[in-house]
Structure formats: C-alpha cells, structure tokens
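Trainee: File follows, target25.cif with mmCIF, C-alpha atoms and all ligand atoms:
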```cif
data_query
#
loop_
_atom_site.label_atom_id
_atom_site.label_comp_id
_atom_site.auth_asym_id
_atom_site.auth_seq_id
_atom_site.Cartn_x
_atom_site.Cartn_y
_atom_site.Cartn_z
CA MET M 1 243.48 -28.78 125.27
CA ARG M 2 242.75 -27.63 128.74
CA SER M 3 240.27 -24.86 129.31
CA PRO M 4 240.90 -22.28 131.97
CA SER M 5 239.18 -23.16 135.20
CA ARG M 6 236.00 -21.41 136.18
CA TRP M 7 236.10 -22.11 139.86
CA HIS M 8 237.00 -19.12 141.83
CA LEU M 9 239.72 -19.15 144.41
CA THR M 10 240.09 -16.44 146.95
CA PHE M 11 241.79 -16.27 150.27
CA THR M 12 239.21 -14.33 152.18
CA ALA M 13 235.50 -14.59 152.64
CA CYS M 14 234.94 -11.31 150.82
CA VAL M 15 236.71 -9.11 148.37
CA ALA M 16 236.25 -5.53 149.36
CA ILE M 17 236.72 -3.14 146.49
CA GLY M 18 236.44 0.39 147.68
CA ALA M 19 238.35 3.52 148.24
CA CYS M 20 238.69 3.05 152.00
CA GLY M 21 240.52 5.96 153.48
CA GLN M 22 241.36 7.30 150.06
CA THR M 23 240.31 10.27 148.06
CA GLY M 24 238.88 10.18 144.58
CA PRO M 25 238.26 12.61 141.76
CA GLY M 26 235.21 14.78 141.53
CA ASP M 27 232.39 13.62 139.26
CA ASP M 28 233.53 15.79 136.39
CA ALA M 29 237.25 14.96 136.67
CA PRO M 30 238.61 12.88 133.78
CA PRO M 31 239.63 9.32 134.65
CA ALA M 32 243.25 8.83 135.60
CA SER M 33 245.56 7.28 133.03
CA VAL M 34 247.61 4.21 133.96
CA VAL M 35 251.10 3.06 133.03
CA ILE M 36 252.19 -0.39 134.17
CA VAL M 37 255.85 -1.26 133.72
CA THR M 38 256.77 -4.90 134.29
CA ILE M 39 260.50 -5.44 134.55
CA ASP M 40 261.00 -9.12 133.90
CA THR M 41 262.94 -11.19 136.44
CA LEU M 42 263.47 -8.39 138.96
CA ARG M 43 263.87 -9.71 142.49
CA ALA M 44 262.90 -7.20 145.13
CA ASP M 45 266.04 -7.40 147.24
CA HIS M 46 268.32 -6.13 144.43
CA ILE M 47 266.59 -2.72 144.41
CA GLY M 48 267.60 0.31 146.44
CA ALA M 49 264.07 1.05 147.62
CA TYR M 50 263.98 -2.49 149.01
CA GLY M 51 267.24 -2.17 150.90
CA TYR M 52 269.87 -3.29 148.39
CA PHE M 53 273.37 -2.06 149.12
CA ARG M 54 274.10 -1.03 145.51
CA ASP M 55 272.64 1.90 143.62
CA THR M 56 271.03 -0.31 140.98
CA SER M 57 267.77 1.61 140.72
CA PRO M 58 268.06 5.39 141.12
CA ASN M 59 265.04 6.12 138.94
CA LEU M 60 262.81 3.55 140.57
CA ASP M 61 263.96 4.76 143.99
CA ALA M 62 263.06 8.34 143.06
CA LEU M 63 259.65 7.15 141.92
CA ALA M 64 259.25 5.18 145.14
CA ALA M 65 259.92 8.30 147.19
CA GLU M 66 256.68 9.80 145.94
CA ALA M 67 254.73 6.55 145.68
CA THR M 68 253.31 3.73 147.76
CA VAL M 69 255.93 1.02 148.14
CA PHE M 70 254.52 -2.43 148.86
CA GLU M 71 257.32 -4.21 150.65
CA ASN M 72 256.13 -7.81 150.76
CA VAL M 73 254.65 -8.91 147.46
CA ILE M 74 254.99 -12.34 145.92
CA THR M 75 254.16 -13.48 142.43
CA THR M 76 251.71 -16.32 141.85
CA MET M 77 254.20 -18.33 139.76
CA SER M 78 257.79 -17.46 138.94
CA THR M 79 257.28 -17.93 135.21
CA THR M 80 256.70 -15.08 132.79
CA LEU M 81 253.39 -15.83 131.11
CA PRO M 82 251.46 -17.31 134.06
CA ALA M 83 252.63 -14.49 136.32
CA HIS M 84 251.64 -11.79 133.85
CA VAL M 85 248.24 -13.42 133.32
CA SER M 86 247.70 -13.35 137.08
CA LEU M 87 248.78 -9.72 137.21
CA MET M 88 246.48 -8.69 134.36
CA THR M 89 243.43 -10.66 135.55
CA SER M 90 243.82 -10.89 139.34
CA THR M 91 243.39 -14.65 139.15
CA HIS M 92 245.58 -17.52 140.32
CA PRO M 93 247.10 -19.97 137.83
CA MET M 94 244.69 -22.48 139.37
CA THR M 95 241.90 -20.33 137.98
CA HIS M 96 243.26 -18.98 134.68
CA GLY M 97 244.82 -22.32 133.83
CA ILE M 98 248.09 -21.09 132.26
CA LYS M 99 250.92 -22.85 134.09
CA GLY M 100 253.91 -22.52 131.79
CA ASN M 101 255.30 -20.32 129.04
CA PHE M 102 255.17 -22.88 126.29
CA ALA M 103 252.90 -25.68 127.48
CA HIS M 104 250.00 -23.58 126.29
CA MET M 105 251.43 -22.52 122.96
CA GLY M 106 248.54 -21.59 120.71
CA GLU M 107 246.00 -21.74 123.47
CA GLN M 108 244.65 -18.42 124.62
CA PHE M 109 243.36 -17.65 128.03
CA GLY M 110 240.57 -15.22 128.62
CA LEU M 111 238.15 -16.94 126.28
CA ASP M 112 236.31 -18.63 129.07
CA GLY M 113 234.95 -15.72 130.98
CA ILE M 114 238.13 -14.28 132.47
CA ARG M 115 238.61 -10.66 131.52
CA THR M 116 241.86 -8.77 131.28
CA ALA M 117 242.70 -5.33 132.62
CA ALA M 118 242.97 -4.09 129.04
CA GLU M 119 239.41 -5.21 128.27
CA VAL M 120 238.13 -3.42 131.34
CA PHE M 121 240.01 -0.21 130.58
CA THR M 122 238.68 -0.31 127.01
CA GLN M 123 235.14 -0.68 128.30
CA LYS M 124 235.74 2.33 130.51
CA GLY M 125 236.66 4.44 127.50
CA TYR M 126 240.44 4.25 127.75
CA THR M 127 242.82 3.93 124.83
CA THR M 128 244.98 0.86 125.45
CA ALA M 129 248.43 -0.12 124.25
CA ALA M 130 251.05 -2.71 125.15
CA PHE M 131 254.71 -2.94 124.22
CA VAL M 132 256.24 -6.27 125.17
CA SER M 133 259.83 -7.41 124.80
CA ALA M 134 259.91 -11.21 124.66
CA ALA M 135 258.39 -14.35 123.19
CA PRO M 136 256.50 -15.61 126.27
CA LEU M 137 254.22 -12.56 126.02
CA LYS M 138 253.63 -12.45 122.28
CA ASP M 139 250.15 -12.51 120.81
CA HIS M 140 249.75 -16.28 120.55
CA THR M 141 249.20 -16.38 124.30
CA GLY M 142 246.06 -14.31 124.85
CA ILE M 143 247.89 -11.67 126.85
CA GLN M 144 247.12 -9.26 123.99
CA ILE M 145 243.37 -9.57 124.48
CA GLY M 146 241.75 -6.19 125.02
CA PHE M 147 244.61 -4.04 123.77
CA GLU M 148 243.85 -1.78 120.82
CA HIS M 149 247.53 -1.56 120.05
CA PHE M 150 249.85 -4.49 120.82
CA ASP M 151 253.49 -4.33 119.85
CA GLN M 152 255.91 -7.24 120.11
CA PRO M 153 259.41 -8.11 118.89
CA ASP M 154 259.78 -9.80 115.52
CA GLY M 155 262.20 -12.29 117.00
CA ARG M 156 262.54 -13.82 120.42
CA ASP M 157 263.18 -10.65 122.38
CA ARG M 158 264.42 -7.08 122.08
CA LEU M 159 266.34 -4.59 124.13
CA ASN M 160 264.65 -2.54 126.80
CA ALA M 161 265.45 0.73 125.08
CA GLU M 162 263.84 -0.39 121.81
CA THR M 163 260.60 -1.23 123.56
CA THR M 164 260.69 2.02 125.52
CA ASP M 165 261.34 4.04 122.35
CA LEU M 166 258.21 2.58 120.78
CA ALA M 167 256.11 3.18 123.88
CA LEU M 168 257.29 6.78 124.09
CA GLY M 169 256.51 7.28 120.41
CA TRP M 170 252.98 6.01 120.98
CA LEU M 171 252.56 8.24 124.02
CA GLU M 172 253.69 11.28 122.09
CA GLY M 173 250.92 10.81 119.59
CA ARG M 174 248.17 10.63 122.20
CA PRO M 175 245.88 13.60 122.87
CA ALA M 176 246.89 15.12 126.19
CA ASP M 177 243.48 14.89 127.81
CA SER M 178 242.22 11.39 126.92
CA PRO M 179 242.78 8.55 129.40
CA PHE M 180 245.04 5.70 128.40
CA PHE M 181 246.27 2.39 129.75
CA LEU M 182 249.83 1.65 128.72
CA TRP M 183 251.70 -1.56 129.57
CA VAL M 184 255.45 -1.65 128.97
CA HIS M 185 257.26 -4.96 129.48
CA LEU M 186 261.07 -4.88 129.73
CA TRP M 187 262.93 -8.16 129.24
CA ASP M 188 266.32 -7.45 130.78
CA PRO M 189 267.46 -8.31 133.50
CA HIS M 190 266.33 -11.76 132.33
CA ALA M 191 269.20 -14.18 131.55
CA PRO M 192 271.60 -14.20 129.86
CA TYR M 193 273.14 -11.54 132.07
CA GLU M 194 274.91 -9.45 129.48
CA PRO M 195 274.59 -5.77 130.33
CA LEU M 196 275.42 -3.24 127.67
CA PRO M 197 278.93 -1.83 128.24
CA GLU M 198 277.68 1.42 129.75
CA TYR M 199 275.69 -0.52 132.37
CA ASP M 200 278.32 -3.17 133.08
CA VAL M 201 279.47 -1.22 136.12
CA TYR M 202 279.49 -3.66 139.03
CA SER M 203 282.34 -5.80 140.26
CA THR M 204 282.67 -7.97 143.32
CA ASP M 205 282.93 -5.99 146.53
CA GLU M 206 282.56 -6.53 150.25
CA GLY M 207 278.86 -5.70 150.16
CA LEU M 208 278.20 -8.56 147.78
CA PHE M 209 280.01 -11.04 150.02
CA GLU M 210 277.86 -9.88 152.95
CA PHE M 211 274.72 -10.16 150.83
CA PHE M 212 275.70 -13.73 149.92
CA GLU M 213 276.48 -14.67 153.49
CA GLU M 214 273.11 -13.47 154.79
CA ARG M 215 271.40 -15.61 152.19
CA GLY M 216 273.57 -18.68 152.27
CA ILE M 217 274.76 -18.19 148.68
CA GLU M 218 278.05 -19.82 147.83
CA PRO M 219 280.54 -17.07 146.86
CA SER M 220 281.72 -18.94 143.78
CA GLU M 221 283.20 -17.06 140.86
CA ARG M 222 280.14 -17.98 138.81
CA ASN M 223 277.61 -16.75 141.38
CA LEU M 224 279.50 -13.50 141.88
CA ARG M 225 279.65 -12.92 138.15
CA TRP M 226 275.94 -13.57 137.72
CA ASN M 227 275.02 -11.12 140.46
CA ASN M 228 277.32 -8.36 139.17
CA ALA M 229 276.08 -8.63 135.61
CA TYR M 230 272.45 -8.96 136.73
CA ASP M 231 272.77 -5.72 138.67
CA GLY M 232 274.07 -3.99 135.55
CA GLU M 233 271.00 -5.14 133.68
CA ILE M 234 268.75 -3.81 136.45
CA ARG M 235 270.46 -0.46 136.01
CA TYR M 236 269.60 -0.61 132.31
CA ALA M 237 265.94 -1.39 133.03
CA ASP M 238 265.88 1.34 135.65
CA ALA M 239 267.04 3.88 133.07
CA GLN M 240 263.90 3.08 131.06
CA VAL M 241 261.75 3.72 134.12
CA GLY M 242 263.39 7.14 134.27
CA ARG M 243 262.66 7.78 130.59
CA LEU M 244 259.01 6.82 130.94
CA ALA M 245 258.53 8.89 134.10
CA GLY M 246 260.32 11.81 132.44
CA ALA M 247 258.02 11.63 129.42
CA LEU M 248 254.95 11.71 131.65
CA ARG M 249 256.30 14.80 133.37
CA ASP M 250 257.42 16.52 130.16
CA THR M 251 254.05 16.06 128.50
CA GLY M 252 252.05 17.30 131.48
CA ARG M 253 250.61 13.86 132.30
CA TRP M 254 252.36 13.20 135.59
CA ASP M 255 249.59 14.47 137.85
CA THR M 256 246.84 12.60 136.00
CA THR M 257 248.61 9.25 135.61
CA ALA M 258 249.12 6.31 137.94
CA MET M 259 252.49 4.69 137.33
CA VAL M 260 252.95 1.11 138.50
CA VAL M 261 256.32 -0.65 138.44
CA THR M 262 256.52 -4.31 139.31
CA SER M 263 257.94 -7.61 138.08
CA ASP M 264 256.65 -11.03 137.14
CA HIS M 265 259.11 -12.94 139.35
CA GLY M 266 262.55 -12.84 140.90
CA GLU M 267 265.68 -14.83 140.13
CA GLY M 268 267.87 -17.42 141.84
CA LEU M 269 271.33 -16.06 140.98
CA GLY M 270 272.91 -18.99 142.80
CA GLN M 271 270.63 -18.92 145.86
CA HIS M 272 269.31 -22.36 146.79
CA GLY M 273 271.55 -23.67 144.03
CA TRP M 274 269.36 -22.14 141.34
CA ARG M 275 270.36 -19.74 138.59
CA ASP M 276 267.09 -18.56 137.11
CA HIS M 277 263.46 -18.94 138.13
CA GLY M 278 260.48 -21.28 137.97
CA THR M 279 260.45 -22.61 141.49
CA ILE M 280 259.13 -21.26 144.79
CA HIS M 281 261.97 -19.98 146.96
CA ASN M 282 261.54 -16.45 148.23
CA GLU M 283 264.20 -14.88 146.02
CA GLN M 284 262.19 -16.06 143.03
CA LEU M 285 258.80 -15.07 144.46
CA PHE M 286 259.26 -11.63 146.01
CA VAL M 287 258.90 -8.78 143.53
CA PRO M 288 258.83 -5.01 143.83
CA LEU M 289 255.53 -3.17 143.64
CA VAL M 290 255.60 0.61 143.49
CA ILE M 291 252.51 2.66 142.66
CA LYS M 292 252.79 6.39 142.06
CA TRP M 293 249.28 7.78 142.27
CA PRO M 294 247.76 10.62 140.29
CA SER M 295 247.55 13.87 142.16
CA GLY M 296 244.83 13.80 144.82
CA MET M 297 244.14 10.10 144.40
CA GLY M 298 245.24 6.85 145.99
CA ALA M 299 247.29 6.65 149.13
CA ARG M 300 249.83 9.14 150.36
CA PRO M 301 253.44 8.19 149.62
CA GLY M 302 254.65 5.62 152.10
CA ARG M 303 255.45 2.01 152.70
CA VAL M 304 253.03 -0.87 153.16
CA ALA M 305 254.35 -4.01 154.84
CA THR M 306 251.25 -6.16 154.34
CA LEU M 307 252.03 -9.60 152.94
CA ALA M 308 250.59 -9.41 149.45
CA SER M 309 250.30 -11.09 146.07
CA SER M 310 250.61 -9.73 142.55
CA LEU M 311 246.91 -10.64 142.38
CA ASP M 312 246.35 -7.54 144.50
CA VAL M 313 247.73 -5.07 141.97
CA LEU M 314 244.53 -4.56 139.95
CA PRO M 315 242.14 -4.35 142.93
CA THR M 316 244.50 -1.89 144.63
CA LEU M 317 245.00 0.16 141.49
CA PHE M 318 241.32 0.29 140.59
CA ALA M 319 240.35 1.35 144.09
CA GLY M 320 243.13 3.93 144.24
CA ILE M 321 242.06 5.67 141.04
CA ALA M 322 238.36 5.23 141.89
CA LEU M 323 237.71 3.10 138.82
CA ARG M 324 234.72 1.05 139.84
CA PRO M 325 234.73 -2.52 138.57
CA ASP M 326 231.42 -4.00 137.53
CA ALA M 327 230.01 -6.91 139.50
CA GLY M 328 231.45 -9.49 137.13
CA LEU M 329 234.96 -8.18 137.45
CA GLU M 330 234.64 -7.78 141.18
CA ALA M 331 233.68 -11.44 141.37
CA GLN M 332 236.65 -12.38 139.18
CA PHE M 333 239.20 -10.63 141.37
CA GLU M 334 241.05 -13.06 143.63
CA GLY M 335 243.28 -10.32 144.98
CA LEU M 336 242.48 -7.60 147.47
CA ASP M 337 242.77 -3.85 147.71
CA LEU M 338 245.92 -3.56 149.78
CA LEU M 339 244.92 -0.12 151.02
CA SER M 340 241.64 -1.33 152.49
CA ASP M 341 241.15 -3.42 155.60
CA ALA M 342 240.20 -6.46 153.50
CA THR M 343 243.68 -7.90 153.96
CA ASP M 344 243.06 -8.20 157.71
CA GLU M 345 241.00 -11.29 156.92
CA ARG M 346 243.60 -12.96 154.73
CA ASP M 347 245.76 -15.55 156.42
CA TYR M 348 247.89 -16.73 153.50
CA VAL M 349 249.18 -15.97 150.04
CA LEU M 350 249.82 -18.81 147.63
CA ALA M 351 252.40 -19.42 144.92
CA GLU M 352 252.75 -22.37 142.61
CA ARG M 353 255.70 -23.85 140.79
CA THR M 354 255.78 -23.73 137.00
CA HIS M 355 254.69 -26.88 135.19
CA ARG M 356 257.27 -26.62 132.46
CA GLU M 357 259.44 -29.69 132.02
CA ARG M 358 263.15 -29.14 131.80
CA GLY M 359 264.53 -32.04 133.72
CA TRP M 360 265.22 -30.07 136.85
CA ASP M 361 262.20 -30.91 138.90
CA ASP M 362 263.01 -30.27 142.55
CA GLY M 363 259.77 -31.86 143.74
CA LEU M 364 258.43 -28.61 145.16
CA ARG M 365 254.97 -27.56 144.00
CA TYR M 366 253.27 -24.96 146.18
CA ALA M 367 254.33 -22.28 148.63
CA LEU M 368 251.89 -21.05 151.23
CA LEU M 369 253.06 -17.94 153.08
CA SER M 370 251.75 -16.22 156.17
CA ASN M 371 253.36 -13.47 158.19
CA GLU M 372 254.81 -16.15 160.45
CA TRP M 373 255.48 -19.16 158.26
CA LYS M 374 256.32 -20.34 154.80
CA TYR M 375 255.30 -23.85 153.90
CA LEU M 376 256.72 -25.63 150.85
CA PHE M 377 254.56 -28.47 149.61
CA ALA M 378 256.46 -31.18 147.71
CA THR M 379 255.17 -34.04 145.62
CA ASP M 380 257.83 -36.36 147.01
CA GLY M 381 256.60 -35.86 150.58
CA VAL M 382 259.69 -33.91 151.65
CA ASP M 383 257.84 -30.77 152.63
CA ARG M 384 259.56 -27.86 154.37
CA LEU M 385 258.62 -25.11 156.77
CA TYR M 386 260.45 -21.84 157.37
CA ASP M 387 260.02 -19.12 159.96
CA MET M 388 259.25 -15.96 158.02
CA GLN M 389 260.18 -13.74 160.94
CA THR M 390 263.66 -15.12 161.54
CA ASP M 391 264.51 -17.12 158.42
CA ARG M 392 263.24 -15.27 155.39
CA HIS M 393 266.03 -16.72 153.26
CA GLU M 394 264.90 -20.28 153.98
CA LEU M 395 268.06 -21.65 155.50
CA GLN M 396 266.76 -23.72 158.41
CA ASP M 397 263.89 -26.16 157.93
CA ALA M 398 261.62 -25.89 160.99
CA LEU M 399 259.12 -28.56 159.99
CA GLU M 400 260.33 -31.08 162.53
CA HIS M 401 259.63 -28.68 165.39
CA GLN M 402 256.36 -27.26 164.10
CA ALA M 403 254.49 -30.33 162.91
CA ALA M 404 251.02 -29.02 163.74
CA ILE M 405 251.51 -25.84 161.72
CA ALA M 406 252.94 -27.78 158.81
CA GLU M 407 250.04 -30.22 158.88
CA ALA M 408 247.43 -27.46 158.85
CA MET M 409 249.12 -25.72 155.92
CA SER M 410 249.55 -29.01 154.08
CA GLU M 411 245.87 -29.87 154.49
CA LEU M 412 244.88 -26.57 152.96
CA ILE M 413 247.06 -27.12 149.92
CA GLU M 414 245.76 -30.69 149.54
CA LEU M 415 242.21 -29.39 149.59
CA LEU M 416 242.97 -26.80 146.91
CA ARG M 417 244.78 -29.38 144.77
CA THR M 418 241.91 -31.83 145.03
CA ALA M 419 239.39 -29.16 144.15
CA GLU M 420 241.41 -28.05 141.13
CA GLN M 421 241.78 -31.62 139.84
CA GLU M 422 238.10 -32.32 140.30
CA HIS M 423 237.22 -29.15 138.54
CA THR M 424 239.43 -29.79 135.53
CA GLN M 425 237.87 -33.24 135.16
CA GLY M 426 234.37 -31.84 135.28
CA GLU M 427 232.39 -29.89 137.78
CA LEU M 428 233.55 -29.27 141.30
CA PRO M 429 231.53 -31.69 143.49
CA PRO M 430 228.98 -29.82 145.63
CA GLU M 431 230.49 -31.14 148.84
CA ARG M 432 233.93 -29.82 147.86
CA ALA M 433 232.52 -26.46 146.90
CA GLU M 434 230.75 -26.32 150.23
CA GLN M 435 233.99 -27.25 152.03
CA LEU M 436 235.85 -24.41 150.29
CA ARG M 437 233.01 -21.99 150.83
CA ALA M 438 232.89 -22.78 154.55
CA LEU M 439 236.58 -21.94 154.77
CA GLY M 440 236.05 -18.76 152.82
CA TYR M 441 238.07 -19.92 149.80
CA ILE M 442 235.39 -19.54 147.19
CA GLN M 443 232.54 -17.15 146.91
ZN ZN H 1 259.63 -13.46 133.43
#
```
Since I need it in another form, could you write the structure as structure tokens?
Ligand SMILES: [Zn+2]

Mentor:
Amino acid sequence: MRSPSRWHLTFTACVAIGACGQTGPGDDAPPASVVIVTIDTLRADHIGAYGYFRDTSPNLDALAAEATVFENVITTMSTTLPAHVSLMTSTHPMTHGIKGNFAHMGEQFGLDGIRTAAEVFTQKGYTTAAFVSAAPLKDHTGIQIGFEHFDQPDGRDRLNAETTDLALGWLEGRPADSPFFLWVHLWDPHAPYEPLPEYDVYSTDEGLFEFFEERGIEPSERNLRWNNAYDGEIRYADAQVGRLAGALRDTGRWDTTAMVVTSDHGEGLGQHGWRDHGTIHNEQLFVPLVIKWPSGMGARPGRVATLASSLDVLPTLFAGIALRPDAGLEAQFEGLDLLSDATDERDYVLAERTHRERGWDDGLRYALLSNEWKYLFATDGVDRLYDMQTDRHELQDALEHQAAIAEAMSELIELLRTAEQEHTQGELPPERAEQLRALGYIQ
C-alpha cells in the first residue's frame, strides 16, 4: 500500500497567504461560515457565467453576479476522488498520493500529515458537515476526515435533490450565530446523462452546431444527444444551487457566509473523441469557480482571469474570510491566494491524468499550462503543444514549430516525475531536492 507523499510541490518560490487588498472582520466579529458546493463533472464552458449560449445555470449566474468569478481554473486530475482531495487539502495528487477513484479502495489519505479543510475548520471552532452523492467520495476514502457529520448515499449514488434536502435539513437545525463549514457534493451532471423530465428541456439547435464547430466536435447524433441531456442535468444541479442560496438568505445567513461553487472536473461529451473524463484535454480540466463573499469581506464582485488551479481554492478562501492558517497548514498549501500578487510568480499550473485502468489509455500523462502554452506529456513520446491564446480547444499541434518551448516544458515534467518516483521509493535524494528548491518548486 502506497503512503501519500510527503514531499511538497509548489509552483512558486513562496506561498503568500494574506488578505492583500482585501478587508477583514473586526476583532470581535464572528468568523464567516462557509458553504462549498461541488457539482461533479461540470465543465466551465457549459455555464452561462462562462459564456455558454444556453441558459443552463440561471441560479449560478445570479450568484456569480454578486461574487468573484475565476475564469481560468483547472482541476489537478479529472477524476472525482483525487480532484476533491486536492480541493480539500490544496495539494497535488503527486503529494497526496490518491490517483484514482478505486485504486486506493480502503486506503485513506490524510493519515500522513496532510490535513483537510474540515480538520482546520473544526480546529477553528466551526461545526462541520458534508453531504456527498456518490461512491467515489464515501467514507472509505478519507475524504470524510475532519467532518463532525458526514452523510453519504446507501447505494452507489443519489439524486441531487435528495442530497440538498438533507443539507438543508442540517442547516435548519443549526444555531443562527455559530460558524459552520458545509460541503455539498452533487453527482449529476455525471454520466449517464438522464435528466429528470422537468429538466430534459434542450434539443439540438443552431447554437449547439456552432459550439461544436468551434471545438472540432463531430456533430454526430450521439454527441448532440449527450450534450443536450448533459445540459438538462446541469439545469437540475443549478436548481440546487438556487435552493441552497435561498436557504442562506431566508435564514439570515447570507451576509455572514462565503458560498463557493466549483467542480471536480469537466467532461468530454464527444470532444477529442472522448465521452467522459479522466484525461487532460481542456474541456475535462477547466472548471467553474465562483466565490460569493460574506458582507464586507473578500474581493468585490468581479471577474479574475488569472490562470489558476483548484489547489488555489482554499488559500483564496481562507485569505478572503481572514481565516489565518497556522504555519503547518501554510506549508502544506500548494495553491496560492488568487487575490494576492503571489500568482505573479507562478509560470505554470499542472494537471495529471488519472491512473485508473480501463483499457482506454491514450498515452497522455501530464498537462502543463501557462498563459501562452499547453504542453501534453505522453509516455509514448508523442507529446503535443497547443497555443493557449489562439487554440484553446487544442485543435492544432504546434510542437513542431515550437521545439524549444516544448523541450523546456518537457524537462520540467521529467524532473517532477523523477522526484516523485524517487520519493515514493524512499527519500528524495538531496541533490534532487536542491534542484527543485533552486527552481522554486519545493520549499
Ligand atoms: Zn467527478
């Protein structure tokens, strides 16, 4: 059984946790409460607030209008459990060691020094609760660590509304003035794409053909059907966002609560010949991130275009609500506060392909993204490079014309791979640690 790695990977020389340019509560103000909603399998470009042509997300869009919308956020791995572990710990899969939903069945992360958001909130005096909707996040995984109350489906998964009902019931029973951390995980729009009849409202139209054409998606009957049904399921998940936001307003908690809506990964839906997720194309990596701040805290409503990772959610959230992490947690964080200037020093964000085996290995392993380039590292040597400014949908491989850039990005991934392998076999050799430290990749 593999233990989670202890070596610490970061993509800048320092991690600045602070409330740069932000306001915080007075000393006697109660801590802000936090609700995190993770909508499984929600790709960013199917949401109104991210430019989608359909009205799939009226409630999320309304939330976004009074929130900070982070426009360019990728997950660390487009697989449910590893991505959620990264989100809840601000650590890469290379660090937390969970690289598939089921490869680690029975093994729990977080027992080797990595702390979860729930543990930290508990230490800060919060009441904590989680309501999850599917098997990859049930309590055999370790994702439940730190939650006082953890609720999961009896079977493999459950409907969004059932999970939301339970979360709302829990919220109703909470004293109005005590801080809480609530995580709600919604399974749909995960496959199979079978929206409830009242949400099965989309049929093929001209906008969908244009959307396909921009992205190089074949307009086959199957791909069109997937996209229509998927959009219906988004609408169903979005309705739950509206219910949760409404409950916060109705119970007088809106002004004292930060509400975060994000996803663990996107979905192929026929793009790059892929239906679901698990690999490293942009439609599977880019996720929404919307943070509605408590009154008088965090950033003003607006849009942030900084290239970011889901690793950045906790550092950004903690800074925004002026919740000071202790030194140990600060050292654990591999993400950055997106509202500070720390991201100026970050050149790349990294994503990794899932390690699950299903016979559909495409050879791709790592994606390294900068504002200018996206590099896909493959184990079969057929690497690829895409221009992020002009070819965000990865249609035209530019590697042949940009060999120097590709080589530099490849060398960095090779170094990280070597370091990870050495670490899992024992201790990271001092010379490797020094090499990473000199580049600013470990602290
Ligand atoms: Zn997922």

Trainee: Figure out the distance between CA of Val132 in chain M and CA of Gly155 in chain M, please, to one decimal in Å.

Mentor: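 Value for the CA of Gly155 in chain M-CA of Val132 in chain M distance: 11.8 Å.
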
Trainee: Emit as lines of an AutoDock Vina configuration file the padded axis-aligned box for all listed atoms of range 97-102 of chain M, 3 Å per side, with centre and edge lengths in Å to one decimal.

Mentor:
```
center_x = 250.1
center_y = -21.6
center_z = 130.2
size_x = 16.5
size_y = 8.6
size_z = 13.8
```

Trainee: Using all atoms listed in the file, what are the residues with an atom within 10 Å of ligand ZN 1 (chain H), set out as a PDB file with C-alpha atoms, keeping the file's coordinate frame?

Mentor:
```pdb
ATOM      1  CA  THR M  38     256.770  -4.900 134.290  1.00  0.00           C
ATOM      2  CA  ILE M  39     260.500  -5.440 134.550  1.00  0.00           C
ATOM      3  CA  ASP M  40     261.000  -9.120 133.900  1.00  0.00           C
ATOM      4  CA  THR M  41     262.940 -11.190 136.440  1.00  0.00           C
ATOM      5  CA  LEU M  42     263.470  -8.390 138.960  1.00  0.00           C
ATOM      6  CA  MET M  77     254.200 -18.330 139.760  1.00  0.00           C
ATOM      7  CA  SER M  78     257.790 -17.460 138.940  1.00  0.00           C
ATOM      8  CA  THR M  79     257.280 -17.930 135.210  1.00  0.00           C
ATOM      9  CA  THR M  80     256.700 -15.080 132.790  1.00  0.00           C
ATOM     10  CA  LEU M  81     253.390 -15.830 131.110  1.00  0.00           C
ATOM     11  CA  PRO M  82     251.460 -17.310 134.060  1.00  0.00           C
ATOM     12  CA  ALA M  83     252.630 -14.490 136.320  1.00  0.00           C
ATOM     13  CA  HIS M  84     251.640 -11.790 133.850  1.00  0.00           C
ATOM     14  CA  ASN M 101     255.300 -20.320 129.040  1.00  0.00           C
ATOM     15  CA  ALA M 134     259.910 -11.210 124.660  1.00  0.00           C
ATOM     16  CA  PRO M 136     256.500 -15.610 126.270  1.00  0.00           C
ATOM     17  CA  LEU M 137     254.220 -12.560 126.020  1.00  0.00           C
ATOM     18  CA  HIS M 185     257.260  -4.960 129.480  1.00  0.00           C
ATOM     19  CA  LEU M 186     261.070  -4.880 129.730  1.00  0.00           C
ATOM     20  CA  TRP M 187     262.930  -8.160 129.240  1.00  0.00           C
ATOM     21  CA  ASP M 188     266.320  -7.450 130.780  1.00  0.00           C
ATOM     22  CA  PRO M 189     267.460  -8.310 133.500  1.00  0.00           C
ATOM     23  CA  HIS M 190     266.330 -11.760 132.330  1.00  0.00           C
ATOM     24  CA  ALA M 191     269.200 -14.180 131.550  1.00  0.00           C
ATOM     25  CA  SER M 263     257.940  -7.610 138.080  1.00  0.00           C
ATOM     26  CA  ASP M 264     256.650 -11.030 137.140  1.00  0.00           C
ATOM     27  CA  HIS M 265     259.110 -12.940 139.350  1.00  0.00           C
ATOM     28  CA  GLY M 266     262.550 -12.840 140.900  1.00  0.00           C
ATOM     29  CA  GLU M 267     265.680 -14.830 140.130  1.00  0.00           C
ATOM     30  CA  ASP M 276     267.090 -18.560 137.110  1.00  0.00           C
ATOM     31  CA  HIS M 277     263.460 -18.940 138.130  1.00  0.00           C
ATOM     32  CA  GLY M 278     260.480 -21.280 137.970  1.00  0.00           C
TER      33      GLY M 278
END
```

Trainee: Measuring atom to atom with all atoms listed in the file, identify which of M:Asp151, M:Glu214, M:Asp157, M:Glu330 is nearest to Ala135 in chain M.

Mentor: M:Asp157

Trainee: Go through M:Asp387, M:Asp341, M:Asp238, M:Glu233 one by one, measure the shortest atom-to-atom distance of each to Pro195 in chain M using all atoms listed in the file, and give the residue with the smallest value.

Mentor: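 Closest to Pro195 in chain M, using all atoms listed in the file: M:Glu233.
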
Trainee: By how many Å are CA of Gly363 in chain M and CA of Arg384 in chain M apart?

Mentor: 11.4 Å

Trainee: In Å to one decimal, how far is CA of Pro301 in chain M from CA of Thr251 in chain M?

Mentor: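 Separation of CA of Thr251 in chain M and CA of Pro301 in chain M: 22.5 Å.
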
Trainee: Tell me which of M:Ala129, M:Ile405, M:Val304, M:Ala398 sits closest to Val290 in chain M, counting all atoms listed in the file.

Mentor: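 Nearest candidate to Val290 in chain M out of M:Ala129, M:Ile405, M:Val304, M:Ala398: M:Val304.
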
Trainee: Do you know which residues are at most 12 Å from Ala247 in chain M counting all atoms listed in the file, after dropping those on the same chain fewer than 2 positions away, and could you put them as an MDAnalysis selection string?

Mentor: chainID M and resid 35 164:165 167:172 240:245 249:254 257 259

Trainee: From the set M:Leu269, M:Leu416, M:Leu166, M:Ala44, which residue has the shortest atom-to-atom contact distance to Ile217 in chain M, counting only C-alpha atoms?

Mentor: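 Using only C-alpha atoms, the shortest distance to Ile217 in chain M belongs to M:Leu269.
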
Trainee: Give the answer as one residue: which of M:Ala342, M:Thr128, M:Arg115, M:Ala433 has the shortest atom-to-atom distance to Glu148 in chain M, using all atoms listed in the file?

Mentor: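 Of all the options, M:Thr128 lies closest to Glu148 in chain M.
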
Trainee: Do you know which residues are at most 12 Å from Phe286 in chain M counting only C-alpha atoms, after dropping those on the same chain fewer than 5 positions away, and could you put them as number ranges by chain?

Mentor: M: 41-47, 50, 70-78, 262-268, 277, 279-281, 307-310, 349-351, 369, 392-393
